$ cat entry33.cif   # mmCIF, C-alpha atoms
data_upload
loop_
_atom_site.group_PDB
_atom_site.id
_atom_site.type_symbol
_atom_site.label_atom_id
_atom_site.label_comp_id
_atom_site.auth_asym_id
_atom_site.auth_seq_id
_atom_site.Cartn_x
_atom_site.Cartn_y
_atom_site.Cartn_z
ATOM 1 C CA ALA A 14 88.451 73.067 99.413
ATOM 2 C CA ASP A 15 85.845 75.470 98.024
ATOM 3 C CA MET A 16 85.775 79.063 99.183
ATOM 4 C CA PRO A 17 84.104 79.787 102.537
ATOM 5 C CA ALA A 18 81.512 82.590 102.250
ATOM 6 C CA LYS A 19 83.472 84.818 104.633
ATOM 7 C CA ALA A 20 86.523 84.604 102.309
ATOM 8 C CA GLN A 21 84.640 86.674 99.733
ATOM 9 C CA ALA A 22 85.876 89.813 101.464
ATOM 10 C CA CYS A 23 89.508 88.820 100.853
ATOM 11 C CA VAL A 24 89.224 88.342 97.110
ATOM 12 C CA GLY A 25 89.356 92.013 96.188
ATOM 13 C CA CYS A 26 92.979 92.332 97.223
ATOM 14 C CA HIS A 27 94.274 88.791 97.651
ATOM 15 C CA GLY A 28 92.609 87.255 94.591
ATOM 16 C CA ALA A 29 90.034 84.452 94.434
ATOM 17 C CA ASP A 30 92.838 81.868 94.579
ATOM 18 C CA GLY A 31 95.088 83.809 96.923
ATOM 19 C CA ASN A 32 97.559 84.918 94.245
ATOM 20 C CA SER A 33 97.033 88.562 95.028
ATOM 21 C CA VAL A 34 96.274 91.035 92.270
ATOM 22 C CA SER A 35 98.835 93.628 93.261
ATOM 23 C CA PRO A 36 102.386 93.171 94.531
ATOM 24 C CA ILE A 37 101.639 95.295 97.579
ATOM 25 C CA PHE A 38 99.200 92.649 98.864
ATOM 26 C CA PRO A 39 100.789 89.403 100.004
ATOM 27 C CA LYS A 40 100.031 86.175 98.213
ATOM 28 C CA LEU A 41 98.115 83.838 100.515
ATOM 29 C CA ALA A 42 98.118 80.808 98.201
ATOM 30 C CA GLY A 43 100.236 77.990 99.628
ATOM 31 C CA GLN A 44 101.085 79.990 102.752
ATOM 32 C CA HIS A 45 101.107 78.021 106.054
ATOM 33 C CA ALA A 46 97.517 77.771 107.354
ATOM 34 C CA GLN A 47 98.794 78.333 110.913
ATOM 35 C CA TYR A 48 100.533 81.546 109.854
ATOM 36 C CA LEU A 49 97.413 82.848 108.101
ATOM 37 C CA GLU A 50 95.309 81.953 111.144
ATOM 38 C CA ASN A 51 97.704 83.715 113.520
ATOM 39 C CA ALA A 52 97.844 86.778 111.286
ATOM 40 C CA LEU A 53 94.052 87.074 110.988
ATOM 41 C CA LYS A 54 93.633 86.691 114.753
ATOM 42 C CA ALA A 55 96.354 89.286 115.358
ATOM 43 C CA TYR A 56 94.542 91.740 113.095
ATOM 44 C CA ARG A 57 91.190 90.964 114.683
ATOM 45 C CA ASP A 58 92.491 91.248 118.243
ATOM 46 C CA GLY A 59 94.675 94.306 117.652
ATOM 47 C CA PHE A 60 98.131 92.738 117.992
ATOM 48 C CA ARG A 61 98.906 93.576 114.400
ATOM 49 C CA ARG A 62 97.888 96.989 113.079
ATOM 50 C CA ASN A 63 96.483 97.515 109.611
ATOM 51 C CA ASP A 64 93.306 99.567 109.367
ATOM 52 C CA MET A 65 91.907 97.666 106.419
ATOM 53 C CA MET A 66 92.748 94.187 107.697
ATOM 54 C CA THR A 67 91.424 94.976 111.165
ATOM 55 C CA ARG A 68 88.131 96.134 109.669
ATOM 56 C CA PHE A 69 87.797 92.898 107.676
ATOM 57 C CA ALA A 70 88.881 90.643 110.517
ATOM 58 C CA LYS A 71 86.699 92.338 113.153
ATOM 59 C CA GLY A 72 83.592 90.215 112.715
ATOM 60 C CA LEU A 73 85.248 86.855 112.137
ATOM 61 C CA THR A 74 84.883 83.978 114.582
ATOM 62 C CA ASP A 75 87.731 81.555 115.240
ATOM 63 C CA GLU A 76 85.944 79.031 112.994
ATOM 64 C CA ASP A 77 85.646 81.577 110.170
ATOM 65 C CA ILE A 78 89.352 82.328 110.505
ATOM 66 C CA LYS A 79 90.328 78.654 110.462
ATOM 67 C CA ALA A 80 88.228 78.036 107.342
ATOM 68 C CA ILE A 81 89.643 81.063 105.525
ATOM 69 C CA ALA A 82 93.208 80.119 106.463
ATOM 70 C CA GLN A 83 92.655 76.516 105.314
ATOM 71 C CA TYR A 84 91.116 77.672 102.048
ATOM 72 C CA PHE A 85 93.911 80.008 100.959
ATOM 73 C CA SER A 86 96.640 77.708 102.284
ATOM 74 C CA SER A 87 95.272 74.925 100.097
ATOM 75 C CA GLN A 88 95.477 77.040 96.949
ATOM 76 C CA LYS A 89 98.354 76.644 94.502
ATOM 77 C CA ALA A 90 100.941 79.456 94.685
ATOM 78 C CA LYS A 91 101.629 80.879 91.245
ATOM 79 C CA ALA B 17 119.459 84.177 91.721
ATOM 80 C CA ASP B 18 121.957 82.954 94.343
ATOM 81 C CA MET B 19 121.543 83.954 97.953
ATOM 82 C CA PRO B 20 122.792 87.424 98.945
ATOM 83 C CA ALA B 21 125.104 87.292 101.983
ATOM 84 C CA LYS B 22 122.687 89.362 104.084
ATOM 85 C CA ALA B 23 119.932 86.765 103.488
ATOM 86 C CA GLN B 24 121.862 84.304 105.645
ATOM 87 C CA ALA B 25 120.154 85.759 108.689
ATOM 88 C CA CYS B 26 116.714 84.850 107.341
ATOM 89 C CA VAL B 27 117.428 81.173 106.758
ATOM 90 C CA GLY B 28 117.037 80.077 110.344
ATOM 91 C CA CYS B 29 113.310 80.738 110.361
ATOM 92 C CA HIS B 30 112.327 81.198 106.724
ATOM 93 C CA GLY B 31 114.431 78.373 105.268
ATOM 94 C CA ALA B 32 117.263 78.603 102.723
ATOM 95 C CA ASP B 33 114.730 78.582 99.884
ATOM 96 C CA GLY B 34 112.078 80.609 101.672
ATOM 97 C CA ASN B 35 109.803 77.659 102.428
ATOM 98 C CA SER B 36 109.881 78.307 106.121
ATOM 99 C CA VAL B 37 110.670 75.545 108.567
ATOM 100 C CA SER B 38 107.779 76.162 110.933
ATOM 101 C CA PRO B 39 104.176 77.091 110.168
ATOM 102 C CA ILE B 40 104.409 80.107 112.450
ATOM 103 C CA PHE B 41 106.952 81.749 110.111
ATOM 104 C CA PRO B 42 105.592 82.869 106.756
ATOM 105 C CA LYS B 43 106.814 81.294 103.561
ATOM 106 C CA LEU B 44 108.715 83.877 101.498
ATOM 107 C CA ALA B 45 109.241 81.710 98.416
ATOM 108 C CA GLY B 46 107.267 83.049 95.466
ATOM 109 C CA GLN B 47 105.935 85.987 97.447
ATOM 110 C CA HIS B 48 105.765 89.357 95.615
ATOM 111 C CA ALA B 49 109.205 91.002 95.769
ATOM 112 C CA GLN B 50 107.523 94.396 96.302
ATOM 113 C CA TYR B 51 105.598 93.042 99.289
ATOM 114 C CA LEU B 52 108.738 91.548 100.845
ATOM 115 C CA GLU B 53 110.607 94.813 100.276
ATOM 116 C CA ASN B 54 107.826 96.868 101.852
ATOM 117 C CA ALA B 55 107.606 94.496 104.815
ATOM 118 C CA LEU B 56 111.369 94.561 105.480
ATOM 119 C CA LYS B 57 111.436 98.359 105.287
ATOM 120 C CA ALA B 58 108.436 98.583 107.594
ATOM 121 C CA TYR B 59 110.213 96.406 110.139
ATOM 122 C CA ARG B 60 113.453 98.350 109.767
ATOM 123 C CA ASP B 61 111.774 101.748 110.034
ATOM 124 C CA GLY B 62 109.371 100.800 112.823
ATOM 125 C CA PHE B 63 106.079 100.882 110.945
ATOM 126 C CA ARG B 64 105.571 97.213 111.579
ATOM 127 C CA ARG B 65 106.379 95.825 114.996
ATOM 128 C CA ASN B 66 108.101 92.494 115.564
ATOM 129 C CA ASP B 67 111.053 92.464 117.919
ATOM 130 C CA MET B 68 112.937 89.762 116.076
ATOM 131 C CA MET B 69 112.296 91.083 112.575
ATOM 132 C CA THR B 70 113.178 94.645 113.595
ATOM 133 C CA ARG B 71 116.479 93.430 115.038
ATOM 134 C CA PHE B 72 117.326 91.620 111.790
ATOM 135 C CA ALA B 73 116.197 94.442 109.539
ATOM 136 C CA LYS B 74 117.910 97.196 111.519
ATOM 137 C CA GLY B 75 121.251 97.189 109.719
ATOM 138 C CA LEU B 76 119.979 96.577 106.184
ATOM 139 C CA THR B 77 120.390 99.156 103.438
ATOM 140 C CA ASP B 78 117.726 99.626 100.772
ATOM 141 C CA GLU B 79 119.976 97.673 98.373
ATOM 142 C CA ASP B 80 120.300 94.792 100.843
ATOM 143 C CA ILE B 81 116.523 94.741 101.212
ATOM 144 C CA LYS B 82 115.932 94.757 97.459
ATOM 145 C CA ALA B 83 118.387 91.882 96.967
ATOM 146 C CA ILE B 84 116.867 89.807 99.773
ATOM 147 C CA ALA B 85 113.329 90.441 98.491
ATOM 148 C CA GLN B 86 114.345 89.501 94.942
ATOM 149 C CA TYR B 87 116.089 86.348 96.125
ATOM 150 C CA PHE B 88 113.193 84.899 98.130
ATOM 151 C CA SER B 89 110.598 86.058 95.618
ATOM 152 C CA SER B 90 112.442 84.125 92.917
ATOM 153 C CA GLN B 91 112.354 80.883 94.905
ATOM 154 C CA LYS B 92 109.783 78.185 94.124
ATOM 155 C CA ALA B 93 106.940 78.021 96.668
ATOM 156 C CA LYS B 94 106.475 74.451 97.895
#
$ encode --input "entry33.cif" --output "structure tokens"
Amino acid sequence: ADMPAKAQACVGCHGADGNSVSPIFPKLAGQHAQYLENALKAYRDGFRRNDMMTRFAKGLTDEDIKAIAQYFSSQKAK
Amino acid sequence: ADMPAKAQACVGCHGADGNSVSPIFPKLAGQHAQYLENALKAYRDGFRRNDMMTRFAKGLTDEDIKAIAQYFSSQKAK
């Protein structure tokens, strides 16, 4: 799957292919799409607190979140 | 690396090799060891809230946490 536009915001920390640049940011590549979707919704809706993630997730629709989760989940974990 | 005794508690949800059984539990296999360590400490010390994870992390020492993080990080992500 090619990268949804809204996933651009994730690349800075999580890497273009989800193998995050720094060990303090979790790898998303190959992670369960459902888990990524739940996490993004939790950040967006305030059930999971992380200032940066909440800011990024704020404007996302459910469709955006599903596409982003699918994209990173489909990447190869390195 | 073979599985540290204290990692036994994680297997039920995250799988013996860190490729978690259900899509609602994150895969740990191949994740950054530093990220796993930070997450476990955050659960233990109350910076990250999850009833189940906090209960599991409560009794872990820093050494336990490092060993568990190293173990799952060294597993192959599937």
$ resolve_selection --input "entry33.cif" --expression "the PyMOL selection byres ((chain B) within 7 of (chain A))" --output "ChimeraX atom specification"
/B:39-43,47-48,50-51,93
$ closest_residue --input "entry33.cif" --among "B:Ala21, B:Asp78, B:Val27, B:Ala32" --to "Gln91 of chain B" --atoms "all atoms listed in the file"
B:Ala32
$ resolve_selection --input "entry33.cif" --expression "the PyMOL selection byres ((chain B and resi 20) around 9)" --output "PyMOL selection string"
chain B and resi 17-19+21-24+80+83-84+87
$ atom_distance --input "entry33.cif" --atom1 "atom CA of Gly75 of chain B" --atom2 "atom CA of Gly28 of chain B"
17.6 Å
$ atom_distance --input "entry33.cif" --atom1 "atom CA of Arg60 of chain B" --atom2 "atom CA of Phe85 of chain A"
28.2 Å
$ resolve_selection --input "entry33.cif" --expression "the PyMOL selection byres ((chain A and resi 68) around 12)" --output "PDB file with C-alpha atoms, in the coordinates of the input"
ATOM      1  CA  ALA A  22      85.876  89.813 101.464  1.00  0.00           C
ATOM      2  CA  CYS A  23      89.508  88.820 100.853  1.00  0.00           C
ATOM      3  CA  LEU A  53      94.052  87.074 110.988  1.00  0.00           C
ATOM      4  CA  TYR A  56      94.542  91.740 113.095  1.00  0.00           C
ATOM      5  CA  ARG A  57      91.190  90.964 114.683  1.00  0.00           C
ATOM      6  CA  ASP A  58      92.491  91.248 118.243  1.00  0.00           C
ATOM      7  CA  GLY A  59      94.675  94.306 117.652  1.00  0.00           C
ATOM      8  CA  ARG A  62      97.888  96.989 113.079  1.00  0.00           C
ATOM      9  CA  ASN A  63      96.483  97.515 109.611  1.00  0.00           C
ATOM     10  CA  ASP A  64      93.306  99.567 109.367  1.00  0.00           C
ATOM     11  CA  MET A  65      91.907  97.666 106.419  1.00  0.00           C
ATOM     12  CA  MET A  66      92.748  94.187 107.697  1.00  0.00           C
ATOM     13  CA  THR A  67      91.424  94.976 111.165  1.00  0.00           C
ATOM     14  CA  PHE A  69      87.797  92.898 107.676  1.00  0.00           C
ATOM     15  CA  ALA A  70      88.881  90.643 110.517  1.00  0.00           C
ATOM     16  CA  LYS A  71      86.699  92.338 113.153  1.00  0.00           C
ATOM     17  CA  GLY A  72      83.592  90.215 112.715  1.00  0.00           C
ATOM     18  CA  LEU A  73      85.248  86.855 112.137  1.00  0.00           C
TER      19      LEU A  73
END
$ atom_distance --input "entry33.cif" --atom1 "atom CA of Val34 of chain A" --atom2 "atom CA of Ser86 of chain A"
16.7 Å
